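Written out below as structure tokens is the structure these notes cover.
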Amino acid sequence: MMKVLDAGMKTVVQDFGRFGYLSKGLTRGGPVDENAFLWANRLLDNHFNATQLEITLGGLEVEFQQDGCFALTGADADAHLDDEPLTLWQNFEVKAGQRLKIGYAKAGLRLYLAVQGGFQVESKWGSCATVERDSVGGLSGDGSALQSGDTLRFHCDTPQPSRRVSWAYRSDYTKTPVLGLIPGYQYDDFPMSAREAFCYEDFEVSKDSNRMGIRLAGKSLETPKKGLVSEGINIGSVQVPSDGQPIIMMHDRQTLGGYPKLGVINPVDLGKLAQLQPGQKVRFTRVDASVAQQQLRRFYQFFNVRLPCQGGDNLRS
């Protein structure tokens, strides 16, 4: 087992998410930075869907109560195993009684802690992904974050060879990212001034952002005049409410919405957005849907990600 001594700012249990239940109003959940999540599992030879901890801002301290192996990826933060400093984006062996302490993020926003075989957490609606707004998933099954004193079970099979992720595959969280926008069917309803401003102006991440949506502050975008009815919302949808400040919908989004949408963000870019701290800048550029599809296909093939074909099925390889 692993005992949580200090849960930090906010630490939640996540697998790859809950699929097939949008018609019931249940959103996906899952890791908002899929790249960091998938690398943590890959470092340990885990199934891509193995359950991890998503740690927002840092501050987590845990005690391992059995021998095992773990990996730590994501935001740049100081981490120590007992008194030994650790370098992120690699795996480590741990002995019973050792303590892992993670400091606060200096660049980036979220870290991912994986153990060999994944944490053993009961599934609800096909997944253990924590979604606070739906009150589902997580260690307690009610969508709540971890608390100090919680314990998580895991089973470690064999020692792992030491591995680390090359710098070529890590994100630089200090740079202003440029994210691809796939124009949607309402894109041409926006005035040309709004379309051009979104792709030529910098926007700032608002402090009101969370796992439901990333709120941006910048030049106000003029919205279409015609009324809209509520419809399904994809992860990455760029909604523009009446104040003209875009909101990019993330993994814990509501399933329906009625704001006009410029399009969706390229899925392989969403992890960069999720790692931006409040006040950081972000830029956008248009990208063809076919290009984004090819990028996502290669990304998922590399990590052997296989998603369910129909509602309610468990994720499987």
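Ligands are numbered from 1 in the order shown, chains are lettered A, B, ... in the order of the structure tokens, and residues start at 1 in each chain.
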
If we count only C-alpha atoms and set the cut-off at 9 Å, which residues sit around Leu26 in chain A, ignoring sequence neighbours fewer than 2 positions away in its own chain? Please answer as JSON, numbers by chain.
{"A": [18, 19, 20, 21, 22, 23, 24, 28, 29, 125, 131, 134, 136, 254, 255]}

Just list the residues in range 75-307 of chain A DSSP gives helix (DSSP H, G or I) on the backbone, as a PyMOL selection string.
chain A and resi 167-169+187-189+192-200+267-274+289-302

Among the residues A:Val13, A:Ile214, A:Ile248, A:Leu38, the one that comes closest to Asn304 in chain A [using only C-alpha atoms]:
A:Leu38

Would you list the contacts of Lys226 in chain A as an mmCIF file with C-alpha atoms, in the first residue's frame, taking every protein, DNA or RNA residue within 12 Å and counting only C-alpha atoms, but skipping same-chain residues closer than 4 positions in sequence?
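Once everything was written out, this is result11.cif:
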data_model
loop_
_atom_site.group_PDB
_atom_site.id
_atom_site.type_symbol
_atom_site.label_atom_id
_atom_site.label_comp_id
_atom_site.auth_asym_id
_atom_site.auth_seq_id
_atom_site.Cartn_x
_atom_site.Cartn_y
_atom_site.Cartn_z
ATOM 1 C CA GLN A 186 -19.777 27.459 -36.795
ATOM 2 C CA ASP A 189 -20.464 32.393 -38.568
ATOM 3 C CA PHE A 190 -17.913 34.453 -36.637
ATOM 4 C CA GLY A 258 -25.133 26.624 -26.200
ATOM 5 C CA TYR A 259 -22.310 29.093 -26.764
ATOM 6 C CA PRO A 260 -20.979 29.521 -30.325
#

Distance in Å - CA of Pro278 in chain A versus CA of Ile247 in chain A
13.8 Å

Based on the backbone DSSP call, show me all residues of range 103-290 of chain A assigned strand (DSSP E or B), as JSON, numbers by chain.
{"A": [104, 107, 108, 109, 110, 111, 112, 113, 114, 115, 119, 120, 124, 127, 131, 136, 137, 142, 151, 152, 153, 154, 164, 178, 179, 180, 181, 182, 183, 203, 204, 205, 213, 214, 215, 216, 217, 231, 232, 237, 238, 239, 247, 248, 249, 256, 257, 261, 262, 263, 264, 265, 281, 282, 283, 284, 285, 286]}

Per residue of range 221-284 of chain A within 9 Å of range 165-177 of chain A, note the shortest atom pair and the distance in Å to one decimal, counting only C-alpha atoms, and order the rows by chain and increasing residue number, as a tab-separated table.
residue	atom	partner	partner_atom	distance
A:Asp269	CA	A:Pro177	CA	8.7
A:Lys272	CA	A:Pro177	CA	6.8
A:Leu273	CA	A:Pro177	CA	7.6
A:Gln275	CA	A:Tyr173	CA	6.9
A:Leu276	CA	A:Tyr173	CA	7.2
A:Gln280	CA	A:Thr176	CA	7.4
A:Lys281	CA	A:Thr176	CA	5.7
A:Val282	CA	A:Pro177	CA	5.5
A:Arg283	CA	A:Pro177	CA	6.3
A:Phe284	CA	A:Pro177	CA	8.3

Keeping only N, CA, C and O atoms, take the residues you just selected and write them out as a short mmCIF file (atom, residue, chain, number, x, y, z; two decimals), in the first residue's frame.
data_model
loop_
_atom_site.label_atom_id
_atom_site.label_comp_id
_atom_site.auth_asym_id
_atom_site.auth_seq_id
_atom_site.Cartn_x
_atom_site.Cartn_y
_atom_site.Cartn_z
N ASP A 269 -2.38 18.78 -28.65
CA ASP A 269 -1.91 20.04 -28.06
C ASP A 269 -2.55 20.33 -26.71
O ASP A 269 -2.09 21.23 -26.00
N LYS A 272 -0.40 20.60 -23.47
CA LYS A 272 0.37 21.84 -23.30
C LYS A 272 -0.48 22.92 -22.66
O LYS A 272 -0.02 23.68 -21.81
N LEU A 273 -1.75 22.99 -23.08
CA LEU A 273 -2.67 23.97 -22.51
C LEU A 273 -2.92 23.67 -21.04
O LEU A 273 -2.95 24.59 -20.20
N GLN A 275 -1.08 22.44 -18.88
CA GLN A 275 0.08 22.67 -18.02
C GLN A 275 0.38 24.16 -17.82
O GLN A 275 1.33 24.51 -17.11
N LEU A 276 -0.41 25.04 -18.42
CA LEU A 276 -0.15 26.47 -18.27
C LEU A 276 -0.67 26.99 -16.93
O LEU A 276 -1.80 26.73 -16.54
N GLN A 280 0.07 32.80 -17.72
CA GLN A 280 0.90 32.46 -18.87
C GLN A 280 0.16 32.72 -20.18
O GLN A 280 -1.07 32.69 -20.24
N LYS A 281 0.93 32.94 -21.24
CA LYS A 281 0.38 33.25 -22.55
C LYS A 281 0.23 31.99 -23.39
O LYS A 281 0.94 30.99 -23.20
N VAL A 282 -0.68 32.06 -24.35
CA VAL A 282 -0.89 30.97 -25.30
C VAL A 282 -1.26 31.57 -26.64
O VAL A 282 -1.88 32.64 -26.71
N ARG A 283 -0.86 30.91 -27.73
CA ARG A 283 -1.18 31.35 -29.07
C ARG A 283 -1.85 30.22 -29.84
O ARG A 283 -1.70 29.05 -29.50
N PHE A 284 -2.55 30.60 -30.91
CA PHE A 284 -3.29 29.62 -31.69
C PHE A 284 -3.00 29.80 -33.18
O PHE A 284 -2.70 30.90 -33.64
#

Could you list, with a cut-off of 12 Å and counting only C-alpha atoms, the residues of range 195-260 of chain A near range 92-112 of chain A, each shown with its nearest atom pair and the distance in Å rounded to one decimal, rows sorted by chain and ascending number, as a tab-separated table?
residue	atom	partner	partner_atom	distance
A:Ser209	CA	A:Leu109	CA	11.6
A:Asn210	CA	A:Leu109	CA	10.8
A:Arg211	CA	A:Arg110	CA	11.0

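Distances to Asp202 in chain A were evaluated for A:Pro246, A:Leu228, A:Phe16, A:Gln65 using only C-alpha atoms, and the minimum falls at A:Pro246.
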
Glu222 in chain A: which residues within 10 Å, counting only C-alpha atoms, same-chain residues fewer than 6 positions away excluded, as a PyMOL selection string?
chain A and resi 190-195+197+240-245

Those same residues - N, CA and C atoms - I'd like them written as a tab-separated table (two decimals), in the first residue's frame.
chain	number	residue	atom	x	y	z
A	190	PHE	N	-18.59	33.39	-37.36
A	190	PHE	CA	-17.91	34.45	-36.64
A	190	PHE	C	-17.43	35.51	-37.62
A	191	PRO	N	-17.46	36.79	-37.24
A	191	PRO	CA	-16.90	37.84	-38.11
A	191	PRO	C	-15.42	37.57	-38.39
A	192	MET	N	-14.94	38.02	-39.54
A	192	MET	CA	-13.54	37.84	-39.89
A	192	MET	C	-12.61	38.41	-38.82
A	193	SER	N	-13.01	39.52	-38.21
A	193	SER	CA	-12.16	40.13	-37.17
A	193	SER	C	-11.94	39.19	-36.00
A	194	ALA	N	-12.97	38.43	-35.62
A	194	ALA	CA	-12.85	37.49	-34.51
A	194	ALA	C	-11.99	36.30	-34.90
A	195	ARG	N	-12.19	35.79	-36.10
A	195	ARG	CA	-11.40	34.64	-36.56
A	195	ARG	C	-9.92	34.97	-36.63
A	197	ALA	N	-8.37	37.52	-35.05
A	197	ALA	CA	-7.85	37.87	-33.73
A	197	ALA	C	-7.48	36.62	-32.94
A	240	VAL	N	-17.16	30.68	-27.22
A	240	VAL	CA	-17.00	32.13	-27.04
A	240	VAL	C	-18.32	32.69	-26.50
A	241	PRO	N	-18.40	32.95	-25.19
A	241	PRO	CA	-19.62	33.52	-24.62
A	241	PRO	C	-19.77	34.99	-24.99
A	242	SER	N	-20.79	35.63	-24.46
A	242	SER	CA	-21.14	36.99	-24.87
A	242	SER	C	-20.07	38.03	-24.52
A	243	ASP	N	-19.22	37.74	-23.53
A	243	ASP	CA	-18.18	38.71	-23.18
A	243	ASP	C	-16.99	38.66	-24.13
A	244	GLY	N	-17.00	37.69	-25.08
A	244	GLY	CA	-15.95	37.61	-26.09
A	244	GLY	C	-14.66	36.98	-25.64
A	245	GLN	N	-14.60	36.45	-24.42
A	245	GLN	CA	-13.40	35.82	-23.90
A	245	GLN	C	-13.53	34.30	-24.03

Once you count only C-alpha atoms, what closest atom pair and distance in Å to one decimal does each residue of range 120-211 of chain A within 8 Å of range 69-74 of chain A have, with rows by chain and rising residue number, as a tab-separated table?
residue	atom	partner	partner_atom	distance
A:Cys156	CA	A:Cys69	CA	7.0
A:Pro159	CA	A:Cys69	CA	6.9
A:Gln160	CA	A:Cys69	CA	6.8

Given only C-alpha atoms as the counted atoms, nearest of A:Asn91, A:Asn41, A:Ser148, A:Ser127 to Ala7 in chain A
A:Ser148

Have a look at CA of Val121 in chain A and CA of Phe303 in chain A and let me know their distance in Å, one decimal.
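If I compute the distance from CA of Val121 in chain A to CA of Phe303 in chain A, I get 22.3 Å.
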
Point out the residue among A:Leu43, A:Ile182, A:Phe203, A:Cys128 with the least atom-to-atom distance to Arg163 in chain A, counting only C-alpha atoms.
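The shortest atom-to-atom distance to Arg163 in chain A comes from A:Leu43.
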
Separation of CA of Gln239 in chain A from CA of Thr285 in chain A, in Å and rounded to one decimal
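Going from CA of Gln239 in chain A over to CA of Thr285 in chain A covers 16.1 Å.
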
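Considering the residues A:Asp150, A:Ser290, A:Glu231, A:Gly279 and counting only C-alpha atoms, Arg215 in chain A has its shortest atom-to-atom contact with A:Gly279.
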
Determine, counting only C-alpha atoms, which protein, DNA and RNA residues have an atom within 7 Å of an atom of Met1 in chain A; residues of the same chain fewer than 5 positions away are not included. Present the result as a PDB file with N, CA and C atoms, in the first residue's frame.
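Here's the written file part_37.pdb:
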ATOM      1  N   PHE A  64       5.491   4.861   1.117  1.00  0.00           N
ATOM      2  CA  PHE A  64       5.299   3.534   0.539  1.00  0.00           C
ATOM      3  C   PHE A  64       5.402   2.499   1.657  1.00  0.00           C
ATOM      4  N   GLN A  65       4.404   1.641   1.753  1.00  0.00           N
ATOM      5  CA  GLN A  65       4.385   0.639   2.808  1.00  0.00           C
ATOM      6  C   GLN A  65       4.739  -0.747   2.290  1.00  0.00           C
ATOM      7  N   GLN A  66       5.229  -0.795   1.051  1.00  0.00           N
ATOM      8  CA  GLN A  66       5.761  -2.025   0.474  1.00  0.00           C
ATOM      9  C   GLN A  66       6.769  -1.640  -0.603  1.00  0.00           C
ATOM     10  N   THR A 151      -5.195   5.668   1.929  1.00  0.00           N
ATOM     11  CA  THR A 151      -4.237   4.659   1.479  1.00  0.00           C
ATOM     12  C   THR A 151      -4.683   4.106   0.137  1.00  0.00           C
ATOM     13  N   LEU A 152      -3.715   3.836  -0.733  1.00  0.00           N
ATOM     14  CA  LEU A 152      -3.989   3.265  -2.050  1.00  0.00           C
ATOM     15  C   LEU A 152      -3.213   1.963  -2.189  1.00  0.00           C
ATOM     16  N   ARG A 153      -3.882   0.974  -2.740  1.00  0.00           N
ATOM     17  CA  ARG A 153      -3.264  -0.333  -2.928  1.00  0.00           C
ATOM     18  C   ARG A 153      -2.655  -0.447  -4.326  1.00  0.00           C
ATOM     19  N   PHE A 154      -1.571  -1.187  -4.408  1.00  0.00           N
ATOM     20  CA  PHE A 154      -0.981  -1.528  -5.704  1.00  0.00           C
ATOM     21  C   PHE A 154      -0.209  -2.824  -5.549  1.00  0.00           C
TER      22      PHE A 154
END

Return the single residue from A:Glu61, A:Ala274, A:Gln52, A:Asp252 that is closest to Leu139 in chain A, with distances computed using only C-alpha atoms.
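Smallest separation from Leu139 in chain A among the options: A:Gln52.
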